[in-house]
Amino acid sequence: MKRLAVVIPAIPILLASLVLAQAAAPATLRLPSGDKPIQTTQQGGVTFFAADQVLAAVGGTIVPSGTGFKATLNNNVAAFGADSRFAVVRDELIEMPVAPLIIDGRPYVPLQFFQGFLPRAAQLDLTWDPLTRVMQARPAQQTAVGVQLSVANVQGLSKVVITLTAPAEYSIIKEPAAYVIRFRNPIRAPYVEQAHEDPYVTKTSFVGNDLRIQLSAPDVAGDAYRLDNPFRIVIDFRKGAAPAPGTPQPFIPSKPVETPGIHTIVIDPGHGGKEVGAIGPGGLMEKEATLSLCRKLAAALESKLKTRVVLTRTDDSVVPLDQRTSIANQYKADLFLSVHMNAAIVRGAHGAETYFLSLEASDELAKKAAETENAAARTATAAAANPSSDLKLILWDLAQQEYLNESSKLATDIQEEMNRITGVTNRGVKQAPFRVLVGATMPAALVEVAFITNAEEEKKINSEEFQKTVVDALTTAVERYKLDYETRIGVAQPPAAPTTTAPAAPTATAPATTAPAKKAGT
């Protein structure tokens with residue numbers, strides 16, 4: 001019932017909006033191509049604009065989506081509703097002074113919605129003159145964006161990272177033995193041309209607003225995705241089937257198999273870099289233990305399940321919590337698993353715990369665990385001083401409802417396998433507001449493998465034998481979930497029931513013997 005408390009208060013707010021809103025009044029949207037009539041309304045001194053009319057005038061659409069609306073323009077999507085003054089664009093927020101209104105089924109939004117959405121989606125800046133009742137749309141002023149580029153070979157992939165000083169719109173085109181990134185914004189190139197000693201990338205060059213990445217062979221393929229803070233475009237190159245020349249490439253990598261099922265798994269080694277995590281009595285750092293374990297887990301999953309596995313970090317580097325699920329989303333992952341080591345004040349605490357996302361923690365210990373793991377995000381982003389951070393968590397918590405049951409099933413499979421190998425009484429599957437799970441658009445879970453603060457468990461965590469046992473258990477858990485899920489959606493066959501045969505009747509020459517009864521408890 002706690003979850004409903006987030007949504008129910010919106011109902012009287014929405015009803016009040018419908019009562020207090022004044023009648024629609026005409027206004028003009030002035031575009032470079034000409035004037036368009038639009039409707040407005042007033043409430044509490046705030047002017048609201050008919051969202052469908054404004055979007056249609058600039059070539060976009062608005063459709064109902066769940067309890068709110070989805071606006072689409074030039075492949076950019078924004079979602080909003082009458083129960084929140086925040087709209088969501090990708091995984092970012094647009095803040096409005098008040099929540100939108102819904103009048104006779106038509107959404108009305110404050111000017112700030114368009115001021116946040118249209119510069120990204122259509123390179124338009126908007127102003128409103130209440131005296132003339134004219135909304136003016138002008139081409140957004142664009143300043144040159146600085147660019148830095150690096151090329152490195154990691155785990156057999158050639159990773160090209162393009163870091164920009166500000167967000168920029170771009171497209172990616174495949175040419176024979178080359179990829180071209182075409183920026184819509186003016187850019188400041190760091191150089192004209194540079195050679196690279198890399199298995200797949202031989203040269204990069206800048207011409208105008210184009211970055212050309214020359215490849216070593218036509219069959220080198222790339223997966224592209226975007227990261228924020230700072231804004232980066234990342235392309236992972238590897239050997240693969242070459243797309244047809246001139247084919248536009250998506251901003252994000254596609255799944256290797258289009259059929260439904262579990263094809264891509266993202267594994268997240270907790271912490272990294274200066275965020276060391278918990279430290280055991282013997283000095284073992286959580287960041288080291290999770291990376292070692294996750295490397296082995298990735299190899300095991302790829303080998304046994306024949307799936308693509310991506311690590312959110314492959315070395316001792318800092319990856320902000322928000323970007324970990326962003327990586328999973330960019331790779332269109334089917335599962336996300338974050339791996340951590342537990343810490344406890346109570347001496348002797350031991351065993352594994354598994355969580356999935358919820359705004360409300362299932363108990364006080366779960367709440368404390370989430371607060372500990374979230375501390376890195378608060379330090380890095382000063383989230384405690386940013387009220388929109390908690391609102392973002394609320395929005396993603398509601399979005400995760402689509403995957404709630406699946407996340408619960410995944411977490412249960414993991415917990416059962418971890419209980420089996422540790423012999424610990426079930427600590428239970430729990431829910432908590434872990435920020436590393438916020439934003440995942442797929443079933444997601446977080447496992448605390450063992451208590452690194454327990455000296456005995458610290459020694460086990462540091463041993464190859466225990467790590468192999470944990471990897472086997474987690475692989476089995478994911479395999480169990482994968483088979484169950486794919487069976488439920490009809491792309492896999494359930495395992496055949498074991499057949500039993502009746503025992504042979506005793507013969508005169510071979511009299512039957514009776515086994516001794518097993519003692520209770522043996």
# chains A, B, ... in the order shown; residues from 1 in each chain; ligands from 1
$ residues_around --residues "Val470 of chain A" --least-positions-apart "4" --cutoff "12 Å" --atoms "only C-alpha atoms" --output "PyMOL selection string"
chain A and resi 289-290+292-294+296-297+300+339+351-352+414-415+417-422+447-450+460-466+474-477
$ atom_distance --atom1 "atom CA of Ala177 of chain A" --atom2 "atom CA of Phe237 of chain A"
11.5 Å
$ residues_around --residues "Thr67 of chain A" --least-positions-apart "6" --cutoff "9 Å" --atoms "only C-alpha atoms" --output "ChimeraX atom specification"
/A:80-83
$ select_by_dssp --residues "segment 68-308 of chain A" --states "strand (DSSP E or B)" --output "PyMOL selection string"
chain A and resi 68-73+76-80+86-89+92-95+101-103+106-110+124-129+134-139+145-154+157-164+170-175+178-183+187-188+193-195+201-207+210-215+220-227+232-239+248-249+264-269+272+275+279+285+308
